[in-house]
Amino acid sequence: MSRLPISLSHALRVLAGIATAVTAALLLAAPPAVAHPMPHSVLLLDVHETSVAAELELPLSDFSRASGIDLDDDTTARQLSARRAEVRRYLAAHVHPATRGGRAWTVTFGAMALGRTEQTSTGRYRELTVRATLTPPAGGDPRRFVLDYDAIVHQVVTHTVLVSVRKDWATGKVAGSGDATQVGVIRHLESGSVWSGTYAMFRLGAHHILEGTDHLLFLLVLLLPAPLRAAGKRWIGLTDTRTAVGRIGRTTLAFTVGHSVALAVSAFGRLDIPAQPVEVFIAFSILVGAVHAIRPLFPGREAVVAGFFGLGHGLAFSLTLAEMHLSAGQLALSLAGFNLGIECVQLLLVLLALPGLICLTRLPGQSALRTACAALTAVAALGWLLDRVGLPNPVARAADSAGSHTSGLLLVLVTVALLAGARLATTGRPWRSWRFAHRS
C-alpha cells in the first residue's frame, strides 16, 4: 500500500496554520491613510435602446459651493428631501444633452441620496448621488449625442469631471462600474452589435460563477459525499466509481436545470424579487449541504435537493440581468449567453473536481478530511446567513475576501485534478483498495 510522504495529520496542521494566518491577515489588515487631493465628479452612463440612464456622483462640498444650496457633512436624508426640488432645478440648468443637429433631449431627474465614499488617492468624503434619464427626441439616436455639462466646473474651475460608459449592452459593456470605459467629452458612442452584447453576457456569466463563492461552495459541498454509501445517519463506505460519477453528473445537471429555469422565469417575467431573501436562501442551502456532507440528511436524493436549491441560486443570477433594463430581444440573447457562460465554467470546475473527489475519499483519514472541509463550509455559510439577515460579522467578511481570489481556487483544482488523474492512470487503485469500510 502506497503512503503519502508526510502524515495526513501533519498536513492538516500545516494547512490549519496557513488558513489561520490568511484569515487573520484578511480580518486585521487595513489600508493606510494617505494625504489626498480634492475629489472629482463622476458621471456614469448606462446606454439602453431608447434612452441613456445617468448617475451623477458629486462631491458634496464642491456641489454646495457651486450651487449655493446649503448642503454639508451634517445634512440628513430628511434635509436633503426638503431641498430635492431645488437640487433638481439646479441640475436641469447645467445638464444639456442634445442631438448632433442641436435638438435638445429630455432630462428627468430621479432618486438622490447622500453617502460617504473614497476615490483613488483621496480620503473619505460626503457625496451626493443623483440618478437621471436622458431621452432623445423622436427619431433621435440614443447612441449619438453631445453632452453639455457644467454642474460644478462653472464655479469651481479646478474641479474635474470624469465621464464613463458603465453599461452598454450593444458594445459588450455589461459588468458594471468595474468595467466602465472613460470617454471624457462625449461626441458619440461606438457602433454596437447583438454579437458583442451576447458575447459580453457569456463572459459576464463566466465571471459571475467564478466570483460567486457561495454558488461554487454549495455545488462542491453537495458533491463531496457523492462517492460514499450511507446507512442510517452515517456515511459507512465507498460506492464504485461508476455510481459516484453518475451521482455527480445527476447532481450537477439538476443544479443547472434548477437555476436555469428560475433565471428564465424571473428574467422574462420581469419579476421584482427582493435581493435579501434570495441571498439568505442561498446561505441556508450551503449550510444544509455542509451538514449533509458530515451526516447524511438526504442520501441518494442529492439531485432533487440540488434542483430545488438551484431555483434560489437562479434567482440570484437573475438580479444581474434585471439591473440592465434590456428589451425583450436583448434579454433573450443575454439569457442565452449569460446562462451558457455559467454552465461552461461550472462544467469545467466539476470536471476539475471529479478526480480529486474520487481519490480523496479513499485517502487514509478521509472521514476527518471530509468533516473538516464540510465544517469550514458550514462556518462560512452561517457567517453569510447572519450577515444577510442584518448581523454583519468577521466570518462573512473573511469568506467574501477569500472568495475573491478565484485564480487560487483554479490553481488548487487543477493541481489536485492532475495528481488524482495521474494516480488513477498509473495504479488503477486510487491511494487504497477499492473495497473497505469507512466509519464516520
# chains A, B, ... in the order shown; residues from 1 in each chain; ligands from 1
>>> select_by_dssp(residues="range 29-271 of chain A", states="strand (DSSP E)", output="number ranges by chain")
A: 41-47, 52-59, 95-98, 106-118, 124-135, 146-149, 161-168, 181-182, 228-231, 234-238
>>> residues_around(residues="range 130-133 of chain A", least_positions_apart="5", cutoff="9 Å", atoms="only C-alpha atoms", output="PDB file with all heavy atoms, in the first residue's frame")
ATOM      1  N   SER A  51     -32.960  55.154 -24.515  1.00  0.00           N
ATOM      2  CA  SER A  51     -32.585  56.226 -23.604  1.00  0.00           C
ATOM      3  C   SER A  51     -31.211  55.928 -23.014  1.00  0.00           C
ATOM      4  O   SER A  51     -30.632  54.867 -23.245  1.00  0.00           O
ATOM      5  CB  SER A  51     -33.624  56.374 -22.483  1.00  0.00           C
ATOM      6  OG  SER A  51     -33.649  55.194 -21.688  1.00  0.00           O
ATOM      7  N   VAL A  52     -30.712  56.883 -22.240  1.00  0.00           N
ATOM      8  CA  VAL A  52     -29.452  56.722 -21.520  1.00  0.00           C
ATOM      9  C   VAL A  52     -29.711  57.049 -20.051  1.00  0.00           C
ATOM     10  O   VAL A  52     -30.215  58.139 -19.738  1.00  0.00           O
ATOM     11  CB  VAL A  52     -28.358  57.653 -22.087  1.00  0.00           C
ATOM     12  CG1 VAL A  52     -27.080  57.539 -21.262  1.00  0.00           C
ATOM     13  CG2 VAL A  52     -28.079  57.331 -23.546  1.00  0.00           C
ATOM     14  N   ALA A  53     -29.412  56.108 -19.174  1.00  0.00           N
ATOM     15  CA  ALA A  53     -29.523  56.360 -17.746  1.00  0.00           C
ATOM     16  C   ALA A  53     -28.199  56.915 -17.246  1.00  0.00           C
ATOM     17  O   ALA A  53     -27.128  56.439 -17.622  1.00  0.00           O
ATOM     18  CB  ALA A  53     -29.879  55.071 -17.001  1.00  0.00           C
ATOM     19  N   ALA A  54     -28.257  57.948 -16.428  1.00  0.00           N
ATOM     20  CA  ALA A  54     -27.056  58.591 -15.917  1.00  0.00           C
ATOM     21  C   ALA A  54     -27.053  58.563 -14.397  1.00  0.00           C
ATOM     22  O   ALA A  54     -28.110  58.659 -13.759  1.00  0.00           O
ATOM     23  CB  ALA A  54     -26.969  60.036 -16.414  1.00  0.00           C
ATOM     24  N   GLU A  55     -25.876  58.410 -13.836  1.00  0.00           N
ATOM     25  CA  GLU A  55     -25.701  58.515 -12.387  1.00  0.00           C
ATOM     26  C   GLU A  55     -24.631  59.560 -12.122  1.00  0.00           C
ATOM     27  O   GLU A  55     -23.479  59.394 -12.528  1.00  0.00           O
ATOM     28  CB  GLU A  55     -25.318  57.175 -11.779  1.00  0.00           C
ATOM     29  CG  GLU A  55     -25.181  57.218 -10.257  1.00  0.00           C
ATOM     30  CD  GLU A  55     -24.933  55.845  -9.665  1.00  0.00           C
ATOM     31  OE1 GLU A  55     -25.807  54.967  -9.838  1.00  0.00           O
ATOM     32  OE2 GLU A  55     -23.869  55.649  -9.051  1.00  0.00           O
ATOM     33  N   LEU A  56     -25.002  60.628 -11.442  1.00  0.00           N
ATOM     34  CA  LEU A  56     -24.079  61.717 -11.126  1.00  0.00           C
ATOM     35  C   LEU A  56     -23.567  61.523  -9.710  1.00  0.00           C
ATOM     36  O   LEU A  56     -24.361  61.433  -8.757  1.00  0.00           O
ATOM     37  CB  LEU A  56     -24.777  63.075 -11.238  1.00  0.00           C
ATOM     38  CG  LEU A  56     -25.135  63.610 -12.631  1.00  0.00           C
ATOM     39  CD1 LEU A  56     -26.253  62.802 -13.270  1.00  0.00           C
ATOM     40  CD2 LEU A  56     -25.541  65.074 -12.539  1.00  0.00           C
ATOM     41  N   GLU A  57     -22.267  61.435  -9.553  1.00  0.00           N
ATOM     42  CA  GLU A  57     -21.640  61.304  -8.240  1.00  0.00           C
ATOM     43  C   GLU A  57     -20.871  62.588  -7.972  1.00  0.00           C
ATOM     44  O   GLU A  57     -19.823  62.848  -8.573  1.00  0.00           O
ATOM     45  CB  GLU A  57     -20.720  60.087  -8.214  1.00  0.00           C
ATOM     46  CG  GLU A  57     -21.476  58.773  -8.458  1.00  0.00           C
ATOM     47  CD  GLU A  57     -20.558  57.563  -8.546  1.00  0.00           C
ATOM     48  OE1 GLU A  57     -19.314  57.768  -8.517  1.00  0.00           O
ATOM     49  OE2 GLU A  57     -21.062  56.433  -8.631  1.00  0.00           O
ATOM     50  N   LEU A  58     -21.392  63.414  -7.066  1.00  0.00           N
ATOM     51  CA  LEU A  58     -20.918  64.783  -6.894  1.00  0.00           C
ATOM     52  C   LEU A  58     -20.377  64.987  -5.485  1.00  0.00           C
ATOM     53  O   LEU A  58     -21.102  64.758  -4.503  1.00  0.00           O
ATOM     54  CB  LEU A  58     -22.074  65.768  -7.128  1.00  0.00           C
ATOM     55  CG  LEU A  58     -22.885  65.553  -8.417  1.00  0.00           C
ATOM     56  CD1 LEU A  58     -24.154  66.394  -8.387  1.00  0.00           C
ATOM     57  CD2 LEU A  58     -22.038  65.898  -9.631  1.00  0.00           C
ATOM     58  N   ARG A  88     -32.837  69.532  -8.133  1.00  0.00           N
ATOM     59  CA  ARG A  88     -33.229  69.154  -9.486  1.00  0.00           C
ATOM     60  C   ARG A  88     -33.260  70.359 -10.409  1.00  0.00           C
ATOM     61  O   ARG A  88     -32.843  70.277 -11.575  1.00  0.00           O
ATOM     62  CB  ARG A  88     -34.592  68.464  -9.452  1.00  0.00           C
ATOM     63  CG  ARG A  88     -34.546  67.050  -8.870  1.00  0.00           C
ATOM     64  CD  ARG A  88     -35.926  66.464  -8.737  1.00  0.00           C
ATOM     65  NE  ARG A  88     -35.862  65.069  -8.299  1.00  0.00           N
ATOM     66  CZ  ARG A  88     -36.900  64.356  -7.885  1.00  0.00           C
ATOM     67  NH1 ARG A  88     -38.109  64.924  -7.865  1.00  0.00           N
ATOM     68  NH2 ARG A  88     -36.757  63.110  -7.507  1.00  0.00           N
ATOM     69  N   THR A 106     -34.656  65.243 -23.577  1.00  0.00           N
ATOM     70  CA  THR A 106     -35.399  65.419 -22.331  1.00  0.00           C
ATOM     71  C   THR A 106     -34.592  64.815 -21.183  1.00  0.00           C
ATOM     72  O   THR A 106     -34.082  63.693 -21.295  1.00  0.00           O
ATOM     73  CB  THR A 106     -36.763  64.721 -22.401  1.00  0.00           C
ATOM     74  OG1 THR A 106     -37.516  65.271 -23.484  1.00  0.00           O
ATOM     75  CG2 THR A 106     -37.533  64.902 -21.102  1.00  0.00           C
ATOM     76  N   VAL A 107     -34.475  65.562 -20.088  1.00  0.00           N
ATOM     77  CA  VAL A 107     -33.740  65.085 -18.912  1.00  0.00           C
ATOM     78  C   VAL A 107     -34.704  65.000 -17.737  1.00  0.00           C
ATOM     79  O   VAL A 107     -35.359  65.990 -17.387  1.00  0.00           O
ATOM     80  CB  VAL A 107     -32.566  66.019 -18.562  1.00  0.00           C
ATOM     81  CG1 VAL A 107     -31.810  65.476 -17.345  1.00  0.00           C
ATOM     82  CG2 VAL A 107     -31.636  66.178 -19.758  1.00  0.00           C
ATOM     83  N   THR A 108     -34.809  63.826 -17.158  1.00  0.00           N
ATOM     84  CA  THR A 108     -35.675  63.610 -15.996  1.00  0.00           C
ATOM     85  C   THR A 108     -34.816  63.153 -14.828  1.00  0.00           C
ATOM     86  O   THR A 108     -34.100  62.149 -14.932  1.00  0.00           O
ATOM     87  CB  THR A 108     -36.738  62.544 -16.285  1.00  0.00           C
ATOM     88  OG1 THR A 108     -37.487  62.924 -17.446  1.00  0.00           O
ATOM     89  CG2 THR A 108     -37.675  62.382 -15.099  1.00  0.00           C
ATOM     90  N   PHE A 109     -34.871  63.879 -13.712  1.00  0.00           N
ATOM     91  CA  PHE A 109     -34.075  63.535 -12.538  1.00  0.00           C
ATOM     92  C   PHE A 109     -34.904  62.689 -11.579  1.00  0.00           C
ATOM     93  O   PHE A 109     -36.092  62.971 -11.327  1.00  0.00           O
ATOM     94  CB  PHE A 109     -33.569  64.792 -11.839  1.00  0.00           C
ATOM     95  CG  PHE A 109     -32.568  65.555 -12.663  1.00  0.00           C
ATOM     96  CD1 PHE A 109     -32.981  66.638 -13.432  1.00  0.00           C
ATOM     97  CD2 PHE A 109     -31.243  65.169 -12.712  1.00  0.00           C
ATOM     98  CE1 PHE A 109     -32.077  67.342 -14.215  1.00  0.00           C
ATOM     99  CE2 PHE A 109     -30.340  65.854 -13.495  1.00  0.00           C
ATOM    100  CZ  PHE A 109     -30.749  66.942 -14.247  1.00  0.00           C
ATOM    101  N   GLY A 110     -34.273  61.651 -11.041  1.00  0.00           N
ATOM    102  CA  GLY A 110     -34.974  60.733 -10.155  1.00  0.00           C
ATOM    103  C   GLY A 110     -34.397  60.730  -8.753  1.00  0.00           C
ATOM    104  O   GLY A 110     -34.200  61.781  -8.149  1.00  0.00           O
ATOM    105  N   ALA A 111     -34.088  59.538  -8.262  1.00  0.00           N
ATOM    106  CA  ALA A 111     -33.667  59.381  -6.874  1.00  0.00           C
ATOM    107  C   ALA A 111     -32.345  60.090  -6.612  1.00  0.00           C
ATOM    108  O   ALA A 111     -31.480  60.195  -7.486  1.00  0.00           O
ATOM    109  CB  ALA A 111     -33.529  57.899  -6.547  1.00  0.00           C
ATOM    110  N   MET A 112     -32.187  60.574  -5.391  1.00  0.00           N
ATOM    111  CA  MET A 112     -30.920  61.143  -4.962  1.00  0.00           C
ATOM    112  C   MET A 112     -30.662  60.722  -3.521  1.00  0.00           C
ATOM    113  O   MET A 112     -31.590  60.446  -2.751  1.00  0.00           O
ATOM    114  CB  MET A 112     -30.915  62.665  -5.110  1.00  0.00           C
ATOM    115  CG  MET A 112     -31.973  63.413  -4.324  1.00  0.00           C
ATOM    116  SD  MET A 112     -31.912  65.212  -4.647  1.00  0.00           S
ATOM    117  CE  MET A 112     -32.460  65.286  -6.354  1.00  0.00           C
ATOM    118  N   ALA A 113     -29.388  60.640  -3.172  1.00  0.00           N
ATOM    119  CA  ALA A 113     -29.024  60.156  -1.841  1.00  0.00           C
ATOM    120  C   ALA A 113     -27.678  60.736  -1.438  1.00  0.00           C
ATOM    121  O   ALA A 113     -26.872  61.161  -2.279  1.00  0.00           O
ATOM    122  CB  ALA A 113     -28.971  58.632  -1.824  1.00  0.00           C
TER     123      ALA A 113
END
>>> select_by_dssp(residues="range 87-224 of chain A", states="helix (DSSP H, G or I)", output="number ranges by chain")
A: 87-92, 169-171, 177-179, 194-211, 213-223
>>> closest_atom_pairs(of="range 335-397 of chain A", to="range 197-214 of chain A", cutoff="6 Å", atoms="only C-alpha atoms", output="JSON lines")
{"residue": "A:Gly337", "atom": "CA", "partner": "A:Phe202", "partner_atom": "CA", "distance": 4.3}
{"residue": "A:Phe338", "atom": "CA", "partner": "A:Gly205", "partner_atom": "CA", "distance": 4.4}
{"residue": "A:Gly341", "atom": "CA", "partner": "A:Phe202", "partner_atom": "CA", "distance": 4.4}
{"residue": "A:Ile342", "atom": "CA", "partner": "A:Gly205", "partner_atom": "CA", "distance": 4.7}
{"residue": "A:Val345", "atom": "CA", "partner": "A:Ala206", "partner_atom": "CA", "distance": 5.7}
>>> write_last_selection(atoms="N, CA and C atoms", output="mmCIF file, in the first residue's frame")
data_model
loop_
_atom_site.group_PDB
_atom_site.id
_atom_site.type_symbol
_atom_site.label_atom_id
_atom_site.label_comp_id
_atom_site.auth_asym_id
_atom_site.auth_seq_id
_atom_site.Cartn_x
_atom_site.Cartn_y
_atom_site.Cartn_z
ATOM 1 N N GLY A 337 -26.624 33.802 -23.587
ATOM 2 C CA GLY A 337 -25.189 33.986 -23.395
ATOM 3 C C GLY A 337 -24.775 33.881 -21.944
ATOM 4 N N PHE A 338 -25.529 34.516 -21.057
ATOM 5 C CA PHE A 338 -25.218 34.513 -19.626
ATOM 6 C C PHE A 338 -25.278 33.100 -19.061
ATOM 7 N N GLY A 341 -22.423 30.924 -20.316
ATOM 8 C CA GLY A 341 -21.185 31.234 -19.618
ATOM 9 C C GLY A 341 -21.126 30.577 -18.255
ATOM 10 N N ILE A 342 -22.253 30.626 -17.529
ATOM 11 C CA ILE A 342 -22.321 29.976 -16.210
ATOM 12 C C ILE A 342 -22.087 28.480 -16.338
ATOM 13 N N VAL A 345 -18.369 27.308 -17.308
ATOM 14 C CA VAL A 345 -17.419 27.383 -16.196
ATOM 15 C C VAL A 345 -17.783 26.368 -15.122
#
>>> closest_atom_pairs(of="range 370-399 of chain A", to="range 260-280 of chain A", cutoff="7 Å", atoms="only C-alpha atoms", output="Markdown table")
| residue | atom | partner | partner_atom | distance |
| --- | --- | --- | --- | --- |
| A:Leu385 | CA | A:Val280 | CA | 5.6 |
| A:Arg388 | CA | A:Val280 | CA | 5.7 |
| A:Val389 | CA | A:Val280 | CA | 6.9 |
>>> closest_residue(among="A:Leu224, A:Ala230, A:Ala336, A:Leu114", to="Ala353 in chain A", atoms="only C-alpha atoms")
A:Leu224
>>> atom_distance(atom1="CA of Glu118 in chain A", atom2="CA of Leu134 in chain A")
26.9 Å
>>> residues_around(residues="range 284-299 of chain A", least_positions_apart="6", cutoff="10 Å", atoms="only C-alpha atoms", output="PyMOL selection string")
chain A and resi 214-226+228-235+278+305-306+308-310+312-313+367-368+370-385+440
>>> write_last_selection(atoms="N, CA and C atoms", output="short mmCIF file (atom, residue, chain, number, x, y, z; two decimals), in the first residue's frame")
data_model
loop_
_atom_site.label_atom_id
_atom_site.label_comp_id
_atom_site.auth_asym_id
_atom_site.auth_seq_id
_atom_site.Cartn_x
_atom_site.Cartn_y
_atom_site.Cartn_z
N ASP A 214 -20.37 31.58 -3.03
CA ASP A 214 -21.45 30.83 -2.40
C ASP A 214 -22.04 29.79 -3.35
N HIS A 215 -22.16 30.13 -4.64
CA HIS A 215 -22.70 29.17 -5.61
C HIS A 215 -21.76 27.97 -5.76
N LEU A 216 -20.47 28.24 -5.86
CA LEU A 216 -19.49 27.16 -6.01
C LEU A 216 -19.44 26.29 -4.77
N LEU A 217 -19.46 26.91 -3.60
CA LEU A 217 -19.40 26.13 -2.37
C LEU A 217 -20.59 25.19 -2.24
N PHE A 218 -21.77 25.68 -2.60
CA PHE A 218 -22.96 24.83 -2.49
C PHE A 218 -22.80 23.59 -3.36
N LEU A 219 -22.41 23.77 -4.61
CA LEU A 219 -22.29 22.64 -5.52
C LEU A 219 -21.19 21.68 -5.08
N LEU A 220 -20.03 22.21 -4.71
CA LEU A 220 -18.91 21.35 -4.33
C LEU A 220 -19.17 20.60 -3.03
N VAL A 221 -19.79 21.25 -2.06
CA VAL A 221 -20.04 20.55 -0.79
C VAL A 221 -21.12 19.50 -0.97
N LEU A 222 -22.05 19.71 -1.90
CA LEU A 222 -23.07 18.71 -2.17
C LEU A 222 -22.47 17.50 -2.89
N LEU A 223 -21.40 17.75 -3.67
CA LEU A 223 -20.73 16.65 -4.38
C LEU A 223 -19.74 15.90 -3.49
N LEU A 224 -19.36 16.51 -2.38
CA LEU A 224 -18.31 15.92 -1.53
C LEU A 224 -18.61 14.48 -1.10
N PRO A 225 -19.83 14.16 -0.65
CA PRO A 225 -20.09 12.77 -0.25
C PRO A 225 -20.61 11.89 -1.38
N ALA A 226 -20.59 12.37 -2.61
CA ALA A 226 -21.16 11.59 -3.72
C ALA A 226 -20.54 10.20 -3.87
N LEU A 228 -19.71 8.17 -1.56
CA LEU A 228 -19.89 7.39 -0.34
C LEU A 228 -21.24 6.71 -0.29
N ARG A 229 -21.32 5.65 0.54
CA ARG A 229 -22.57 4.96 0.83
C ARG A 229 -23.05 5.36 2.22
N ALA A 230 -24.35 5.40 2.38
CA ALA A 230 -24.92 5.79 3.67
C ALA A 230 -25.75 4.65 4.23
N ALA A 231 -25.75 4.56 5.56
CA ALA A 231 -26.63 3.64 6.29
C ALA A 231 -27.13 4.37 7.51
N GLY A 232 -28.43 4.60 7.57
CA GLY A 232 -28.98 5.37 8.67
C GLY A 232 -28.49 6.80 8.60
N LYS A 233 -27.83 7.24 9.66
CA LYS A 233 -27.33 8.61 9.74
C LYS A 233 -25.81 8.65 9.67
N ARG A 234 -25.21 7.69 8.98
CA ARG A 234 -23.76 7.64 8.88
C ARG A 234 -23.33 7.34 7.45
N TRP A 235 -22.20 7.91 7.06
CA TRP A 235 -21.54 7.52 5.83
C TRP A 235 -20.63 6.35 6.18
N VAL A 278 -33.40 36.16 -1.21
CA VAL A 278 -32.69 35.25 -2.11
C VAL A 278 -31.31 34.92 -1.56
N VAL A 305 -32.44 17.71 -4.24
CA VAL A 305 -32.12 18.86 -3.40
C VAL A 305 -31.37 19.92 -4.20
N ALA A 306 -30.43 19.47 -5.06
CA ALA A 306 -29.68 20.42 -5.88
C ALA A 306 -30.61 21.18 -6.82
N PHE A 308 -33.83 21.82 -6.31
CA PHE A 308 -34.65 22.74 -5.52
C PHE A 308 -33.87 23.99 -5.13
N PHE A 309 -32.71 23.78 -4.54
CA PHE A 309 -31.91 24.94 -4.14
C PHE A 309 -31.37 25.69 -5.35
N GLY A 310 -31.21 25.00 -6.49
CA GLY A 310 -30.78 25.68 -7.70
C GLY A 310 -31.75 26.77 -8.13
N GLY A 312 -33.23 28.90 -6.16
CA GLY A 312 -32.83 30.12 -5.45
C GLY A 312 -31.57 30.73 -6.03
N HIS A 313 -30.62 29.86 -6.39
CA HIS A 313 -29.38 30.38 -6.99
C HIS A 313 -29.67 31.05 -8.34
N SER A 367 -12.41 10.48 6.33
CA SER A 367 -13.58 10.95 7.08
C SER A 367 -13.28 12.25 7.81
N ALA A 368 -12.09 12.34 8.43
CA ALA A 368 -11.71 13.56 9.14
C ALA A 368 -11.53 14.72 8.15
N ARG A 370 -12.97 15.06 5.14
CA ARG A 370 -14.28 15.46 4.64
C ARG A 370 -15.03 16.28 5.68
N THR A 371 -14.99 15.83 6.93
CA THR A 371 -15.68 16.54 8.00
C THR A 371 -15.10 17.94 8.20
N ALA A 372 -13.76 18.05 8.12
CA ALA A 372 -13.12 19.36 8.29
C ALA A 372 -13.54 20.32 7.18
N CYS A 373 -13.54 19.84 5.94
CA CYS A 373 -13.96 20.69 4.81
C CYS A 373 -15.41 21.12 4.96
N ALA A 374 -16.28 20.16 5.31
CA ALA A 374 -17.70 20.48 5.46
C ALA A 374 -17.94 21.44 6.62
N ALA A 375 -17.20 21.24 7.72
CA ALA A 375 -17.37 22.12 8.88
C ALA A 375 -16.93 23.54 8.55
N LEU A 376 -15.81 23.68 7.83
CA LEU A 376 -15.35 25.01 7.43
C LEU A 376 -16.38 25.69 6.53
N THR A 377 -16.97 24.91 5.63
CA THR A 377 -18.02 25.44 4.75
C THR A 377 -19.24 25.86 5.57
N ALA A 378 -19.60 25.05 6.56
CA ALA A 378 -20.75 25.38 7.41
C ALA A 378 -20.53 26.68 8.17
N VAL A 379 -19.31 26.88 8.66
CA VAL A 379 -18.99 28.12 9.37
C VAL A 379 -19.15 29.32 8.44
N ALA A 380 -18.61 29.20 7.20
CA ALA A 380 -18.76 30.29 6.23
C ALA A 380 -20.23 30.55 5.92
N ALA A 381 -21.01 29.47 5.74
CA ALA A 381 -22.43 29.62 5.43
C ALA A 381 -23.19 30.29 6.57
N LEU A 382 -22.85 29.91 7.81
CA LEU A 382 -23.51 30.52 8.96
C LEU A 382 -23.16 32.00 9.05
N GLY A 383 -21.88 32.33 8.76
CA GLY A 383 -21.49 33.75 8.74
C GLY A 383 -22.26 34.53 7.69
N TRP A 384 -22.39 33.96 6.49
CA TRP A 384 -23.17 34.63 5.44
C TRP A 384 -24.63 34.77 5.84
N LEU A 385 -25.18 33.72 6.45
CA LEU A 385 -26.59 33.74 6.84
C LEU A 385 -26.86 34.88 7.83
N SER A 440 -17.64 6.93 9.99
CA SER A 440 -17.62 8.36 10.28
C SER A 440 -17.70 8.57 11.79
#
>>> closest_residue(among="A:Arg397, A:His259, A:Arg250, A:His40", to="Val161 in chain A", atoms="only C-alpha atoms")
A:His40
